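S.K.: So here's entry29.pdb, just PDB, C-alpha atoms:
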ATOM      1  CA  MET M   1       0.000   0.000   0.000
ATOM      2  CA  LYS M   2       1.432   3.345  -0.966
ATOM      3  CA  GLY M   3       2.091   5.754   1.823
ATOM      4  CA  ARG M   4       2.228   3.059   4.532
ATOM      5  CA  GLN M   5       4.813   0.456   5.467
ATOM      6  CA  VAL M   6       4.708  -2.034   8.352
ATOM      7  CA  ILE M   7       7.837  -3.545   9.847
ATOM      8  CA  ALA M   8       6.770  -6.742  11.610
ATOM      9  CA  THR M   9       8.479  -7.245  14.959
ATOM     10  CA  GLU M  10       8.215  -9.950  17.579
ATOM     11  CA  LYS M  11       8.487  -7.305  20.275
ATOM     12  CA  SER M  12       5.489  -5.229  21.272
ATOM     13  CA  TRP M  13       6.674  -1.626  21.461
ATOM     14  CA  GLU M  14       5.375   1.152  23.666
ATOM     15  CA  PHE M  15       5.550   4.613  22.068
ATOM     16  CA  ASP M  16       8.119   6.116  24.482
ATOM     17  CA  GLU M  17      10.243   2.973  24.314
ATOM     18  CA  LEU M  18      10.308   3.064  20.493
ATOM     19  CA  LEU M  19      11.139   6.775  20.407
ATOM     20  CA  ARG M  20      13.987   6.302  22.879
ATOM     21  CA  PHE M  21      15.262   3.217  20.985
ATOM     22  CA  LEU M  22      15.345   5.056  17.656
ATOM     23  CA  ARG M  23      16.907   8.226  19.083
ATOM     24  CA  ASP M  24      19.646   6.221  20.842
ATOM     25  CA  ARG M  25      20.642   4.438  17.625
ATOM     26  CA  TRP M  26      19.928   7.090  14.995
ATOM     27  CA  ASP M  27      22.736   8.193  12.697
ATOM     28  CA  GLU M  28      22.359  11.943  12.212
ATOM     29  CA  SER M  29      24.091  11.687   8.845
ATOM     30  CA  VAL M  30      20.846  10.011   7.688
ATOM     31  CA  SER M  31      18.548  12.766   8.963
ATOM     32  CA  VAL M  32      17.825  14.729  12.101
ATOM     33  CA  LEU M  33      16.903  12.734  15.187
ATOM     34  CA  PRO M  34      13.339  11.437  15.312
ATOM     35  CA  LYS M  35      11.106  13.564  17.508
ATOM     36  CA  GLU M  36       7.621  13.335  18.911
ATOM     37  CA  PHE M  37       4.861  15.015  16.932
ATOM     38  CA  ASP M  38       2.815  16.610  19.669
ATOM     39  CA  SER M  39       1.267  19.735  18.178
ATOM     40  CA  ARG M  40      -2.020  17.927  17.432
ATOM     41  CA  PRO M  41      -2.829  15.636  20.372
ATOM     42  CA  ILE M  42      -6.197  14.714  18.890
ATOM     43  CA  ILE M  43      -4.586  12.597  16.153
ATOM     44  CA  GLY M  44      -2.451  10.620  18.589
ATOM     45  CA  ARG M  45       1.243  10.278  19.298
ATOM     46  CA  TYR M  46       3.642   9.882  16.411
ATOM     47  CA  ILE M  47       7.355  10.035  15.810
ATOM     48  CA  VAL M  48       8.062  12.449  12.984
ATOM     49  CA  LEU M  49      10.905  12.500  10.455
ATOM     50  CA  PRO M  50      11.571  14.990   7.648
ATOM     51  CA  GLY M  51      10.371  13.910   4.240
ATOM     52  CA  THR M  52       9.575  16.294   1.407
ATOM     53  CA  PRO M  53       8.240  19.852   1.516
ATOM     54  CA  LYS M  54       4.627  18.616   1.449
ATOM     55  CA  PHE M  55       4.962  15.317   3.367
ATOM     56  CA  CYS M  56       6.710  14.111   6.482
ATOM     57  CA  ILE M  57       7.187  10.531   7.624
ATOM     58  CA  MET M  58       5.387   9.499  10.791
ATOM     59  CA  VAL M  59       6.304   6.409  12.779
ATOM     60  CA  TYR M  60       4.281   4.631  15.451
ATOM     61  CA  PRO M  61       4.071   1.227  17.102
ATOM     62  CA  ASN M  62       1.072  -1.047  16.706
ATOM     63  CA  LYS M  63       0.314  -4.679  17.561
ATOM     64  CA  LYS M  64       1.937  -5.899  14.329
ATOM     65  CA  GLY M  65       5.183  -3.985  14.791
ATOM     66  CA  VAL M  66       6.283  -0.531  13.678
ATOM     67  CA  VAL M  67       4.354   1.471  11.084
ATOM     68  CA  LEU M  68       5.725   4.259   8.888
ATOM     69  CA  ILE M  69       3.371   6.508   6.920
ATOM     70  CA  THR M  70       3.586   9.567   4.725
ATOM     71  CA  TYR M  71       1.646  12.415   6.300
ATOM     72  CA  PRO M  72       0.813  15.810   4.792
ATOM     73  CA  THR M  73       2.614  18.683   6.431
ATOM     74  CA  ASP M  74       0.859  21.904   7.232
ATOM     75  CA  ASP M  75       2.276  25.399   6.766
ATOM     76  CA  GLU M  76       3.823  25.351  10.231
ATOM     77  CA  HIS M  77       5.917  22.246   9.535
ATOM     78  CA  LYS M  78       6.188  22.212   5.756
ATOM     79  CA  VAL M  79       9.417  24.045   5.090
ATOM     80  CA  GLY M  80      10.901  23.462   8.539
ATOM     81  CA  LEU M  81      10.839  19.693   8.287
ATOM     82  CA  ALA M  82      12.064  19.550   4.715
ATOM     83  CA  ASP M  83      14.837  22.037   5.375
ATOM     84  CA  THR M  84      16.139  19.977   8.336
ATOM     85  CA  ALA M  85      16.639  16.944   6.126
ATOM     86  CA  SER M  86      20.262  16.175   5.519
ATOM     87  CA  GLY M  87      22.612  13.376   4.679
ATOM     88  CA  LEU M  88      21.234  10.293   3.019
ATOM     89  CA  PHE M  89      17.780  11.661   2.210
ATOM     90  CA  ARG M  90      18.707  15.249   1.319
ATOM     91  CA  PRO M  91      18.613  14.786  -2.490
ATOM     92  CA  ASN M  92      14.915  13.930  -2.264
ATOM     93  CA  VAL M  93      13.810  17.159  -0.606
ATOM     94  CA  GLY M  94      15.392  19.856  -2.721
ATOM     95  CA  GLY M  95      13.772  23.186  -3.535
ATOM     96  CA  ALA M  96      12.598  21.927  -6.930
ATOM     97  CA  LEU M  97       9.965  19.830  -5.179
ATOM     98  CA  ARG M  98       8.260  22.890  -3.727
ATOM     99  CA  SER M  99       6.400  23.438  -6.985
ATOM    100  CA  ARG M 100       5.202  19.849  -7.504
ATOM    101  CA  ALA M 101       1.550  18.928  -7.243
ATOM    102  CA  ARG M 102       0.726  17.283  -3.898
ATOM    103  CA  GLU M 103      -0.356  13.928  -5.378
ATOM    104  CA  LYS M 104       2.721  13.682  -7.604
ATOM    105  CA  GLU M 105       4.926  14.408  -4.612
ATOM    106  CA  ARG M 106       3.129  11.823  -2.442
ATOM    107  CA  ALA M 107       3.344   9.087  -5.065
ATOM    108  CA  GLY M 108       6.913   9.921  -6.088
ATOM    109  CA  PRO M 109       9.488  11.576  -3.835
ATOM    110  CA  ALA M 110       7.542  11.115  -0.566
ATOM    111  CA  GLU M 111       7.068   7.404  -1.293
ATOM    112  CA  ASP M 112      10.783   7.079  -2.084
ATOM    113  CA  VAL M 113      11.718   8.690   1.232
ATOM    114  CA  LEU M 114       9.214   6.460   3.059
ATOM    115  CA  LEU M 115      10.814   3.342   1.571
ATOM    116  CA  MET M 116      14.324   4.522   2.469
ATOM    117  CA  TYR M 117      13.316   5.247   6.070
ATOM    118  CA  THR M 118      11.553   1.872   6.241
ATOM    119  CA  GLU M 119      14.725   0.034   5.283
ATOM    120  CA  TYR M 120      16.805   2.136   7.671
ATOM    121  CA  VAL M 121      14.436   1.605  10.619
ATOM    122  CA  ARG M 122      14.155  -2.109   9.779
ATOM    123  CA  GLY M 123      17.935  -2.337  10.059
ATOM    124  CA  LEU M 124      17.887  -0.617  13.450
ATOM    125  CA  LEU M 125      15.193  -2.961  14.751
ATOM    126  CA  GLU M 126      16.999  -6.156  13.670
TER     127      GLU M 126
END
For the structure just supplied, provide its representation as structure tokens.

M.R.:
Amino acid sequence: MKGRQVIATEKSWEFDELLRFLRDRWDESVSVLPKEFDSRPIIGRYIVLPGTPKFCIMVYPNKKGVVLITYPTDDEHKVGLADTASGLFRPNVGGALRSRAREKERAGPAEDVLLMYTEYVRGLLE
């Protein structure tokens, strides 16, 4: 399914435990450290990673393992998240993407970043 990846794990993760685990092992040459998305408590607790100007990557635990999704950014986070991207994923969030249509960005560059983060997080969890 586009826009959503599930990493199956034998361990059942609690949100704070997963956030701490990822932050402790994260290589900042890949991207900035994962942080909690807490500006909209009504949608739940997510770990957020920079993606593209119009989409970020959100991570959360569920009963099947760890889920990564593309999530639309709002004006408050749009440029800030994309501009913090560095290292491995930086080529996917360049200024040229700012003019792309939202759906093209979601299906193209945002999906590419989602898949790269999925493989990276899978490696950390193994």

S.K.: Can you spell out as a compact mmCIF listing (two decimals) with C-alpha atoms, in the coordinates of the input the set of residues that the PyMOL selection byres ((chain M and resi 14) around 12) selects in the structure I just provided?

M.R.:
# COMPACT_ATOMS: atom_id res chain seq x y z
CA LYS M 11 8.49 -7.30 20.27
CA SER M 12 5.49 -5.23 21.27
CA TRP M 13 6.67 -1.63 21.46
CA PHE M 15 5.55 4.61 22.07
CA ASP M 16 8.12 6.12 24.48
CA GLU M 17 10.24 2.97 24.31
CA LEU M 18 10.31 3.06 20.49
CA LEU M 19 11.14 6.78 20.41
CA ARG M 20 13.99 6.30 22.88
CA PHE M 21 15.26 3.22 20.98
CA ARG M 45 1.24 10.28 19.30
CA TYR M 46 3.64 9.88 16.41
CA TYR M 60 4.28 4.63 15.45
CA PRO M 61 4.07 1.23 17.10
CA ASN M 62 1.07 -1.05 16.71
CA LYS M 63 0.31 -4.68 17.56
CA GLY M 65 5.18 -3.98 14.79
CA VAL M 66 6.28 -0.53 13.68

S.K.: Rounded to one decimal, what separation in Å do you get between CA of Leu68 in chain M and CA of Glu103 in chain M?

M.R.: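 Between these atoms lies a distance of 18.3 Å.
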
S.K.: Given the file shown, enumerate the residues that the PyMOL selection byres ((chain M and resi 3) around 6) captures and present them as a PyMOL selection string.

M.R.: chain M and resi 2+4+69-70

S.K.: Work out how far apart CA of Thr73 in chain M and CA of Gly51 in chain M are and give it in Å to one decimal.

M.R.: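 Interatomic distance, CA of Thr73 in chain M to CA of Gly51 in chain M: 9.4 Å.
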
S.K.: When you draw a straight line from CA of Val113 in chain M to CA of Trp26 in chain M, how long is it in Å?

M.R.: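 For CA of Val113 in chain M relative to CA of Trp26 in chain M, the distance reads 16.1 Å.
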
S.K.: Any chance you could work out the residue set of the PyMOL selection byres ((chain M and resi 118) around 12) here, as a list in words?

M.R.: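 Checking the PyMOL selection byres ((chain M and resi 118) around 12) against this file, the residues are Gly3, Arg4, Gln5, Val6, Ile7, Ala8, Leu49, Ile57, Met58, Val59, Val66, Val67, Leu68, Ile69, Thr70, Glu111, Asp112, Val113, Leu114, Leu115, Met116, Tyr117, Glu119, Tyr120, Val121, Arg122, Gly123, Leu124 and Leu125 of chain M.
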
S.K.: Let me know the centre plus edge lengths, in Å and rounded to one decimal, of a box with edges along x, y and z that contains all listed atoms of range 12-22 of chain M and is padded by 6 Å on every side, as lines of an AutoDock Vina configuration file.

M.R.:
center_x = 10.4
center_y = 0.8
center_z = 21.1
size_x = 22.0
size_y = 24.0
size_z = 18.8

S.K.: Check the smallest atom-to-atom distance from each of M:Arg102, M:Lys64, M:Gly108, M:Ile47 to Glu10 in chain M using all atoms listed in the file, then report the winner.

M.R.: M:Lys64

S.K.: Kindly indicate which residue among M:Asp38, M:Glu126, M:Asp27, M:Asp74 lies nearest to Thr9 in chain M, using only C-alpha atoms for the distances.

M.R.: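 Nearest to Thr9 in chain M: M:Glu126.
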